[in-house]
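Below is one structure, written out as structure tokens; the observations come after it.
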Amino acid sequence: MTVRAKIYRLLDSESLESASQRMRGLEVVINLIGIVLVSVGTLEALSPNARAIAAFITGVVAFLFFVEYLTRLWVAPEAPHSATATSTNSRIRWAFSIGGIIDLLAIIPALAAASGSARLGAESASVFVLLWVLKLATRVAGVKLIGRVIRNERSSLAAVAALFLIVLFSAATIAHWLEAESQPQHFGSIPTSLWWAVVTLTTTGYGDAVPVSALGRMLGGLVMLCGISVLALLSGILANGFAEELRRREFVRIWDLVARVPFFSDVGAIAIADIVSRLRSRSFPAGATVIREGETGDSMFFLVNGTVMVRRGLFSKLLYEGQFFGEMALLDRKPRTADVTTQTPCTVLVLNVADFYHLAGQQPGLVSAIEAEAKRRRMTSVDTTTC
Ligand code: CMP
């Protein structure tokens, strides 16, 4: 792999590799430092020295953004969709994408700082702090997730928005009929009544416009109840959308991990989808105890990466990427037969006991392969312990 491809992977916002995730974390931290310092720099009470330090660090942050912009421009041809385009076209395409434009605007304070004093940099940055917030939004996974959820749920959200508008305009019109005579300043026209309707429907209740007639107050109560229902509906749609999107992402992530375990390589696409939906991933640091001898076993593990040590009395054995452990307690319904500790940082796929028995019914071939390996292991452990 070329250096450019490696850097592209490091900066790839979709990558699940730990180095990329650390890089994203670093970018977010630098971005946050920049935003906080620019905001602090606008405080009147700040001493000239503190202001100069804040301006200097802001300039450094903006310079780092500048370097990042150039790097992203350089690695743009490595994007998967750029395979058929020329390097120049890929770079132009990235430069004119939303992310590219925001990144470009975010470095303007750096250019200002380069052309003048560090102080100028801070002042320019205060103008562009909004762009730094936008840049942050393009890096934070949660914000992208919100965008995806809104896109997925757009038809339900549009239905709720339509409902909101129907109630809003009906409430404003009826309030205008009922209250226009006694309070022309607040309800004299439908547009002026709309302010009261929005404030009531969203249950904000500033209290600047209040219906005074009995019918008007009844209408107010009704609008508040409608507001609560509409907001509840909106929260339900968004919560459900979030849960579904997270489930989908987890599925893709696990799918990716399963592909690295050769044990599953012969399983067909439909069966693998069933297996993927039953596996959870877990990461352990080096030296962690994953299984303790004598404990009740409620799950088995597939080692996606890293090395673990199996220990029982004098017997010890290393297990590597692609191997599994913790199957014996599930097969024999007996306590764990050995300690299993991680030798390096490890990622494992966990299959709990209920899902193990479900798979035994659905995928007898897989479970017999696990059984065969367990049988072989039992013999090895016995041989070694008796030696
Ligand atoms: P279990 O008994 O559930 O928990 C301890 C695990 O260590 C056991 O399942 C096996 O997965 C693993 N283990 C035990 N003996 C051996 C062996 N001889 N070789 C490899 N792994 C083993």
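Labels used: A, B, ... for chains in the order of the structure tokens, numbers from 1 for residues in each chain, and numbers from 1 for ligands as shown.
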> Where in range 131-312 of chain A does DSSP assign helix (DSSP H, G or I), given as a PyMOL selection string?
Replying inline: chain A and resi 131-139+141-152+154-179+184-187+190-201+214-258+262-264+269-278
>> Taking only C-alpha atoms and all ligand atoms and a cut-off of 8 Å, can you tell me which residues surround ligand 1, written as a ChimeraX atom specification?
In response: /A:291-293,297,299-300,310-312,315-319,324-330,334-340,374,376-382
>> When you count only C-alpha atoms, which of these residues is closest to Val29 in chain A: A:Val61, A:Gly41, A:Glu78, A:Ala158?
In response: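 Of A:Val61, A:Gly41, A:Glu78, A:Ala158, the one nearest Val29 in chain A is A:Val61, counting only C-alpha atoms.
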>> Give me the residues near Val212 in chain A as a ChimeraX atom specification, where near means some atom within 9 Å (using only C-alpha atoms) and where sequence neighbours in that chain fewer than 2 positions away do not count.
In response: /A:179,182-183,210,214-217
Export, as a CSV table (one decimal), in the first residue's frame, the selected residues with C-alpha atoms.
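Printed below is out.csv as written:
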```
chain,number,residue,atom,x,y,z
A,179,GLU,CA,-59.8,37.1,20.2
A,182,SER,CA,-60.7,42.1,22.5
A,183,GLN,CA,-56.9,41.9,21.6
A,210,VAL,CA,-52.9,35.1,26.1
A,214,ALA,CA,-63.6,31.3,27.7
A,215,LEU,CA,-63.6,29.7,24.3
A,216,GLY,CA,-60.2,31.2,23.5
A,217,ARG,CA,-58.7,29.5,26.7
```
>> Just checking: using only C-alpha atoms, which residue out of A:Glu295, A:Glu321, A:Thr341, A:Val348 ends up closest to Arg282 in chain A?
In response: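 Checking each candidate against Arg282 in chain A, we get A:Val348 as the closest.
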>> Please list as a list of chain:residue names every residue within 10 Å of Ala79 in chain A, counting only C-alpha atoms and excluding residues in the same chain fewer than 5 positions away.
In response: A:Ala5, A:Tyr8, A:Arg9, A:Asp12, A:Ser90, A:Arg91, A:Trp94
>> I'd like to know which residues of range 196-337 of chain A are strand (DSSP E) (by DSSP, run on the backbone); could you write them as a PyMOL selection string?
In response: chain A and resi 279-284+289-291+299-305+308-312+315-319+324-325
Selection file, C-alpha atoms, as a PDB file, in the first residue's frame:
```pdb
ATOM      1  CA  LEU A 279     -22.857 -11.829  17.467  1.00  0.00           C
ATOM      2  CA  ARG A 280     -21.624  -8.874  19.540  1.00  0.00           C
ATOM      3  CA  SER A 281     -18.097  -7.465  19.388  1.00  0.00           C
ATOM      4  CA  ARG A 282     -15.948  -6.738  22.438  1.00  0.00           C
ATOM      5  CA  SER A 283     -12.442  -5.389  22.835  1.00  0.00           C
ATOM      6  CA  PHE A 284     -10.029  -6.302  25.624  1.00  0.00           C
ATOM      7  CA  THR A 289      -8.967 -12.214  31.877  1.00  0.00           C
ATOM      8  CA  VAL A 290     -11.717 -13.156  29.444  1.00  0.00           C
ATOM      9  CA  ILE A 291     -12.571 -16.537  31.017  1.00  0.00           C
ATOM     10  CA  SER A 299     -20.919 -17.455  25.916  1.00  0.00           C
ATOM     11  CA  MET A 300     -18.185 -18.448  23.488  1.00  0.00           C
ATOM     12  CA  PHE A 301     -15.716 -16.192  21.668  1.00  0.00           C
ATOM     13  CA  PHE A 302     -14.250 -15.917  18.157  1.00  0.00           C
ATOM     14  CA  LEU A 303     -10.898 -14.150  18.099  1.00  0.00           C
ATOM     15  CA  VAL A 304     -10.957 -11.476  15.375  1.00  0.00           C
ATOM     16  CA  ASN A 305      -7.533 -10.096  16.199  1.00  0.00           C
ATOM     17  CA  VAL A 308      -4.971 -15.183  23.995  1.00  0.00           C
ATOM     18  CA  MET A 309      -3.380 -17.675  26.362  1.00  0.00           C
ATOM     19  CA  VAL A 310      -5.339 -20.720  27.591  1.00  0.00           C
ATOM     20  CA  ARG A 311      -4.045 -21.914  31.003  1.00  0.00           C
ATOM     21  CA  ARG A 312      -5.068 -24.817  33.145  1.00  0.00           C
ATOM     22  CA  PHE A 315      -1.072 -26.782  30.535  1.00  0.00           C
ATOM     23  CA  SER A 316      -0.871 -23.589  28.473  1.00  0.00           C
ATOM     24  CA  LYS A 317      -1.580 -22.814  24.846  1.00  0.00           C
ATOM     25  CA  LEU A 318      -1.728 -19.720  22.698  1.00  0.00           C
ATOM     26  CA  LEU A 319      -4.740 -19.122  20.440  1.00  0.00           C
ATOM     27  CA  PHE A 324     -12.376 -19.656  18.996  1.00  0.00           C
ATOM     28  CA  PHE A 325     -12.583 -20.454  22.713  1.00  0.00           C
TER      29      PHE A 325
END
```
> Which of these residues is nearest to Arg139 in chain A, using only C-alpha atoms: A:Pro345, A:Gly25, A:Pro262, A:Gly207?
Replying inline: A:Gly25
> Any idea what's packed within 9 Å of Asn152 in chain A, counting only C-alpha atoms, ignoring anything in its chain fewer than 4 positions away? Could you give it as a PyMOL selection string?
Replying inline: chain A and resi 147-148+241+245
Suppose we keep N, CA and C atoms; can you now write the selection as a compact mmCIF listing (two decimals), in the first residue's frame?
```txt
# COMPACT_ATOMS: atom_id res chain seq x y z
N GLY A 147 -28.01 13.25 10.66
CA GLY A 147 -28.31 13.51 9.24
C GLY A 147 -28.89 12.27 8.57
N ARG A 148 -28.25 11.11 8.84
CA ARG A 148 -28.70 9.85 8.23
C ARG A 148 -30.11 9.49 8.72
N GLY A 241 -35.78 5.82 14.74
CA GLY A 241 -34.83 5.97 13.62
C GLY A 241 -33.40 5.78 14.10
N GLU A 245 -30.90 2.79 12.92
CA GLU A 245 -29.65 3.14 12.24
C GLU A 245 -28.46 2.53 12.98
```
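Non-sequential neighbours of range 218-232 of chain A (distance at most 9 Å, separation of 4 or more positions within a chain, only C-alpha atoms) are Val160, Ala161, Leu163, Phe164, Val167, Leu168, Ala171, Ile174, Ala175, Ala197, Thr200, Leu201, Thr202, Thr203, Val210, Pro211, Ser213, Ala214, Gly236 and Ile237 of chain A.
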>> Rounded to one decimal, what separation in Å do you get between CA of Leu105 in chain A and CA of Leu136 in chain A?
In response: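 Answer for the CA of Leu105 in chain A to CA of Leu136 in chain A separation: 12.8 Å.
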>> One decimal, in Å: what's the spacing between CA of Thr307 in chain A and CA of Leu349 in chain A?
In response: 13.7 Å
> Looking at only C-alpha atoms, which of A:Ile254, A:His81, A:Val261, A:Val350 is the one that sits closest to Arg93 in chain A?
Replying inline: A:His81
> Which residues, written as a ChimeraX atom specification, have at least one atom at most 12 Å from Gly268 in chain A, with only C-alpha atoms counted and residues fewer than 4 positions away on the same chain left out?
Replying inline: /A:259,264,272-276,363,365-366
